[in-house]
Amino acid sequence: MISAEKIPNNVGLSSNKRLQRALEHWQPQYIQWWKDMGPQGFQDYHQVYVRTAVSVDPSGWAHFEYVKLPEYRWGIFLADPVHDRRIGFGDFFGQPVWQEVPGEFRNQLRRLIVTQGDTEPASVEQQRWLGQRCPSMYDLRNLFQVNVEEGRHLWAMVYLLHSYFGRDGRDEAEELLARQSGDRDKPRILDAFNEPIENWLDFFMFTMFTDRDGKSQLLSLSESSLDPLSRTTRFMLTEEAHHMFVGETGIARIIERTCQLMKDTGFSEDVRRIGGIDLPTIQKFINLWFSLSLDLHGNEISTNAATYFANGLKGRAQEEKWDDHVLTEKFYDLEVPADGRLERKAIPMRTAMNEVLRDWYVGDCEAGVVRWNKIFERHGMSDRLRLPDRKFNRGIGMFSSLHFDPNGAPLSDSEWARRKNGWLPSPADREYLLSIMATPVYEPGKFANYIAPPARGVNRMPINFEYVRTEA
Ligand code: BYC
């Protein structure tokens with residue numbers, strides 16, 4: 001039964017019969033999907049110390065309790081409305097925002113919402129085996145927190161589909177549970193969400209870099225002329241921040257441990273021989289997940305992006321900080337391949353909108369890498385990690401048919417084939433990581449040898465708190 005008590009919400013669910021009926025049909029399918037495709041081995045006999053959003057004010061987040069994962073209360077929340085909100089960019093600049101979907105933009109909006117919605121269950125599917133290889137109970141709990149919140153983000157998009165897109169919306173909501181990450185016949189829509197996440201280095205890089213694309217895209221959608229989309233995504237951003245925290249601090253703790261291991265051995269040992277994760281491997285995983293996540297911003301030159309901007313559907317992060325919100329006269333200076341060389345070309349700004357968002361994203365990632373490099377400084381070490389050039393290992397856009405090294409120097413096909421395992425995780429790297437993660441660490445307060453403990457526990461609980469309880 002659908003009830004407001006089981007589904008915390010601020011969208012008037014108890015008086016909205018249409019939404020109740022749609023959810024009554026969809027929710028059992030969702031739970032079945034969660035059991036089949038969600039965290040494997042942790043559905044029936046485990047209680048997890050998670051937070052549940054019970055309202056949109058800051059205290060609404062402070063609600064922590066032990067929950068059996070399939071019984072998590074996935075809620076539906078919109079950020080508070082902004083009085084007299086106006087469209088902030090594009091051809092309708094200055095007009096009141098829309099509370100309903102205009103017929104002429106229905107397809108474009110549905111496509112954006114479906115694409116966003118598709119990533120959420122995809123990430124849960126990608127991460128479903130990680131619990132069995134976890135480095136600690138603290139990390140296990142964080143993984144599940146991320147998973148249930150991605151589930152909630154799916155609910156957020158399904159709420160929009162059910163409420164504003166009628167029959168098509170209901171069909172799309174079902175399709176969101178039918179596609180599967182990595183499936184040959186029915187894969188997820190965007191490529192990065194079909195990549196395997198088989199070890200915790202993948203997971204932390206994913207939450208650092210791919211969730212940061214989530215932040216980038218959600219910031220853009222939160223500028224939308226469709227007010228319910230703007231309000232939904234604004235609230236989702238609060239959850240996204242925690243996911244990036246998990247990724248950034250997860251890698252920081254691995255770097256910290258690697259530095260300790262290197263120092264303990266007087267820099268004489270291969271860190272792998274003492275069970276750690278060596279810096280070249282960490283760099284390879286940065287190269288992989290950063291490049292995959294760059295692809296998530298779409299083609300450099302995109303008429304879709306121009307149309308979204310023109311119609312006010314999807315803007316730039318913090319649109320109010322820009323001075324021109326219409327952009328019919330502006331150009332973007334883009335590096336494009338031409339006759340085997342790269343040259344600069346002026347592209348109409350609206351069609352370069354994916355690249356503008358990518359610039360914001362690269363800057364945000366760079367700041368994270370600078371924070372990681374401070375760990376080496378603190379240890380008095382000269383090693384540094386870095387982001388590869390944005391042309392490196394691209395699968396989408398105008399560099400996808402070409403090859404570049406991490407410095408952005410062009411490579412022939414054969415050079416690339418010969419050298420790519422030096423820059424991207426090789427089968428041997430993956431095998432090594434699986435070997436050190438083969439035995440999960442479930443004892444409270446204990447951590448795998450390759451990762452340092454966190455600075456503090458969750459919700460002021462001690463680090464050795466029993467974050468995941470097994471029922472007798
Ligand atoms: N993979 O004109 P273009 C998150 C397709 S992450 C495969 O450049 P557009 C999260 C494109 O679909 C954020 N295909 O496309 C993170 C189109 O195909 P068709 C998710 C791709 O529309 C962690 C064709 O190429 N949110 O929340 O400007 C955990 C032409 O491309 C890809 C959103 O993405 C790709 N990477 O840009 C959980 C926001 N890129 O129709 C969650 C909504 C492009 O010609 N989505 N294509 O067959 C969008 O805004 C846009 O769809 C995109 C693509 C920016 C993704």
# chains A, B, ... in the order shown; residues from 1 in each chain; ligands from 1

call {"tool": "residues_near_ligand", "arguments": {"ligand": "ligand 1", "cutoff": "7 Å", "atoms": "only C-alpha atoms and all ligand atoms", "output": "count of residues only"}}
result
34

call {"tool": "residues_around", "arguments": {"residues": "A:Gln40", "least_positions_apart": "5", "cutoff": "10 Å", "atoms": "only C-alpha atoms", "output": "ChimeraX atom specification"}}
result
/A:34-35,125,127-132

call {"tool": "select_by_dssp", "arguments": {"residues": "stretch 263-363 of chain A", "states": "strand (DSSP E)", "output": "JSON, numbers by chain"}}
result
{"A": [331, 332, 333, 334, 335, 336, 337, 338, 341, 342, 343, 344, 345, 346, 347, 348]}

call {"tool": "write_last_selection", "arguments": {"atoms": "N, CA, C and O atoms", "output": "compact mmCIF listing (two decimals), in the first residue's frame"}}
result
# COMPACT_ATOMS: atom_id res chain seq x y z
N PHE A 331 30.61 33.55 -28.91
CA PHE A 331 31.26 32.37 -29.49
C PHE A 331 32.18 31.72 -28.46
O PHE A 331 32.63 32.37 -27.53
N TYR A 332 32.41 30.43 -28.67
CA TYR A 332 33.31 29.68 -27.79
C TYR A 332 34.53 29.28 -28.63
O TYR A 332 34.40 28.79 -29.75
N ASP A 333 35.71 29.49 -28.06
CA ASP A 333 36.95 29.19 -28.75
C ASP A 333 37.32 27.72 -28.49
O ASP A 333 37.80 27.39 -27.42
N LEU A 334 37.05 26.86 -29.47
CA LEU A 334 37.17 25.42 -29.26
C LEU A 334 38.37 24.86 -30.04
O LEU A 334 38.61 25.25 -31.18
N GLU A 335 39.10 23.94 -29.40
CA GLU A 335 40.19 23.26 -30.10
C GLU A 335 39.59 22.10 -30.89
O GLU A 335 38.97 21.21 -30.30
N VAL A 336 39.73 22.13 -32.21
CA VAL A 336 39.11 21.07 -33.02
C VAL A 336 40.17 20.38 -33.89
O VAL A 336 41.11 21.02 -34.34
N PRO A 337 40.01 19.07 -34.13
CA PRO A 337 40.95 18.40 -35.03
C PRO A 337 40.62 18.75 -36.48
O PRO A 337 39.45 18.78 -36.86
N ALA A 338 41.65 19.05 -37.27
CA ALA A 338 41.44 19.36 -38.69
C ALA A 338 42.67 18.93 -39.46
O ALA A 338 43.78 19.37 -39.14
N ARG A 341 45.73 17.92 -37.63
CA ARG A 341 46.27 18.89 -36.66
C ARG A 341 45.13 19.35 -35.75
O ARG A 341 43.98 19.02 -35.97
N LEU A 342 45.50 20.16 -34.75
CA LEU A 342 44.44 20.75 -33.92
C LEU A 342 44.44 22.24 -34.21
O LEU A 342 45.50 22.86 -34.30
N GLU A 343 43.27 22.79 -34.38
CA GLU A 343 43.22 24.25 -34.56
C GLU A 343 42.06 24.84 -33.76
O GLU A 343 41.13 24.14 -33.38
N ARG A 344 42.17 26.14 -33.52
CA ARG A 344 41.14 26.83 -32.74
C ARG A 344 40.05 27.31 -33.68
O ARG A 344 40.34 27.85 -34.74
N LYS A 345 38.81 27.11 -33.23
CA LYS A 345 37.69 27.54 -34.07
C LYS A 345 36.63 28.21 -33.19
O LYS A 345 36.38 27.72 -32.08
N ALA A 346 36.04 29.29 -33.69
CA ALA A 346 34.99 29.96 -32.92
C ALA A 346 33.65 29.28 -33.20
O ALA A 346 33.22 29.20 -34.35
N ILE A 347 33.02 28.75 -32.14
CA ILE A 347 31.77 27.99 -32.26
C ILE A 347 30.66 28.81 -31.61
O ILE A 347 30.87 29.34 -30.51
N PRO A 348 29.50 28.93 -32.24
CA PRO A 348 28.40 29.66 -31.56
C PRO A 348 28.19 29.10 -30.15
O PRO A 348 28.12 27.88 -29.96

call {"tool": "residues_around", "arguments": {"residues": "A:Pro58", "least_positions_apart": "3", "cutoff": "12 Å", "atoms": "only C-alpha atoms", "output": "list in words"}}
result
Ala53, Val54, Ser55, Trp61, Ala62, His63, Ala79, Phe235, Thr238 and Glu239 of chain A

call {"tool": "closest_atom_pairs", "arguments": {"of": "stretch 35-102 of chain A", "to": "stretch 174-181 of chain A", "cutoff": "12 Å", "atoms": "only C-alpha atoms", "output": "tab-separated table"}}
result
residue	atom	partner	partner_atom	distance
A:Lys35	CA	A:Leu177	CA	12.0
A:Asp36	CA	A:Leu177	CA	10.8
A:Met37	CA	A:Gln180	CA	8.7
A:Gly38	CA	A:Gln180	CA	11.5

call {"tool": "write_last_selection", "arguments": {"atoms": "all heavy atoms", "output": "mmCIF file, in the first residue's frame"}}
result
data_model
loop_
_atom_site.group_PDB
_atom_site.id
_atom_site.type_symbol
_atom_site.label_atom_id
_atom_site.label_comp_id
_atom_site.auth_asym_id
_atom_site.auth_seq_id
_atom_site.Cartn_x
_atom_site.Cartn_y
_atom_site.Cartn_z
ATOM 1 N N LYS A 35 15.861 -5.817 -5.028
ATOM 2 C CA LYS A 35 16.304 -7.113 -4.498
ATOM 3 C C LYS A 35 17.166 -7.853 -5.523
ATOM 4 O O LYS A 35 18.167 -8.470 -5.162
ATOM 5 C CB LYS A 35 15.103 -7.967 -4.104
ATOM 6 C CG LYS A 35 14.431 -7.447 -2.845
ATOM 7 C CD LYS A 35 13.311 -8.362 -2.406
ATOM 8 C CE LYS A 35 12.723 -7.878 -1.084
ATOM 9 N NZ LYS A 35 11.452 -8.516 -0.787
ATOM 10 N N ASP A 36 16.767 -7.790 -6.776
ATOM 11 C CA ASP A 36 17.516 -8.529 -7.808
ATOM 12 C C ASP A 36 18.830 -7.841 -8.165
ATOM 13 O O ASP A 36 19.839 -8.503 -8.398
ATOM 14 C CB ASP A 36 16.694 -8.637 -9.108
ATOM 15 C CG ASP A 36 15.448 -9.481 -8.916
ATOM 16 O OD1 ASP A 36 15.377 -10.219 -7.917
ATOM 17 O OD2 ASP A 36 14.540 -9.378 -9.767
ATOM 18 N N MET A 37 18.784 -6.516 -8.257
ATOM 19 C CA MET A 37 19.922 -5.797 -8.837
ATOM 20 C C MET A 37 20.649 -4.902 -7.841
ATOM 21 O O MET A 37 21.653 -4.295 -8.171
ATOM 22 C CB MET A 37 19.441 -4.920 -10.021
ATOM 23 C CG MET A 37 18.840 -5.693 -11.161
ATOM 24 S SD MET A 37 19.948 -6.978 -11.783
ATOM 25 C CE MET A 37 21.246 -5.984 -12.511
ATOM 26 N N GLY A 38 20.105 -4.764 -6.614
ATOM 27 C CA GLY A 38 20.748 -3.943 -5.595
ATOM 28 C C GLY A 38 21.826 -4.728 -4.868
ATOM 29 O O GLY A 38 22.216 -5.815 -5.318
#

call {"tool": "atom_distance", "arguments": {"atom1": "atom CA of A:His243", "atom2": "atom CA of A:Asn199"}}
result
16.7 Å

call {"tool": "closest_residue", "arguments": {"among": "A:Lys17, A:Arg390, A:Arg257, A:Arg272", "to": "A:His162", "atoms": "only C-alpha atoms"}}
result
A:Lys17

call {"tool": "residues_around", "arguments": {"residues": "stretch 139-147 of chain A", "least_positions_apart": "2", "cutoff": "8 Å", "atoms": "only C-alpha atoms", "output": "ChimeraX atom specification"}}
result
/A:38-39,48-51,123-124,131,134-137,149-151,242-243,246,467-468

call {"tool": "write_last_selection", "arguments": {"atoms": "C-alpha atoms", "output": "compact mmCIF listing (two decimals), in the first residue's frame"}}
result
# COMPACT_ATOMS: atom_id res chain seq x y z
CA GLY A 38 20.75 -3.94 -5.59
CA PRO A 39 23.42 -4.84 -3.00
CA VAL A 48 22.29 -0.76 8.10
CA TYR A 49 22.77 2.52 9.98
CA VAL A 50 21.59 4.97 7.31
CA ARG A 51 20.10 8.41 7.17
CA SER A 123 24.98 3.02 -10.54
CA VAL A 124 23.30 0.74 -7.98
CA GLY A 131 29.69 -5.25 -0.26
CA CYS A 134 34.52 -4.07 1.47
CA PRO A 135 37.56 -2.57 3.25
CA SER A 136 35.62 -1.89 6.48
CA MET A 137 32.20 -1.73 8.04
CA GLU A 149 20.12 7.64 -2.19
CA GLU A 150 20.66 6.76 -5.84
CA GLY A 151 17.46 4.75 -5.45
CA HIS A 242 27.75 13.18 0.32
CA HIS A 243 28.55 10.80 -2.54
CA VAL A 246 32.71 9.29 0.01
CA TYR A 467 27.40 0.40 11.22
CA VAL A 468 26.02 -2.79 9.72

call {"tool": "closest_residue", "arguments": {"among": "A:Lys330, A:Lys314, A:His379, A:His46", "to": "A:Gly88", "atoms": "only C-alpha atoms"}}
result
A:Lys314

call {"tool": "closest_residue", "arguments": {"among": "A:Ser216, A:Gln108, A:Thr307, A:Asn459", "to": "A:Val356", "atoms": "only C-alpha atoms"}}
result
A:Ser216

call {"tool": "closest_atom_pairs", "arguments": {"of": "stretch 188-224 of chain A", "to": "stretch 409-430 of chain A", "cutoff": "12 Å", "atoms": "only C-alpha atoms", "output": "JSON lines"}}
result
{"residue": "A:Pro196", "atom": "CA", "partner": "A:Arg430", "partner_atom": "CA", "distance": 11.3}
{"residue": "A:Ile197", "atom": "CA", "partner": "A:Arg430", "partner_atom": "CA", "distance": 10.7}
{"residue": "A:Glu198", "atom": "CA", "partner": "A:Arg430", "partner_atom": "CA", "distance": 8.6}
{"residue": "A:Asn199", "atom": "CA", "partner": "A:Arg430", "partner_atom": "CA", "distance": 8.0}
{"residue": "A:Trp200", "atom": "CA", "partner": "A:Arg430", "partner_atom": "CA", "distance": 10.7}
{"residue": "A:Leu201", "atom": "CA", "partner": "A:Arg430", "partner_atom": "CA", "distance": 9.7}
{"residue": "A:Asp202", "atom": "CA", "partner": "A:Arg430", "partner_atom": "CA", "distance": 9.7}
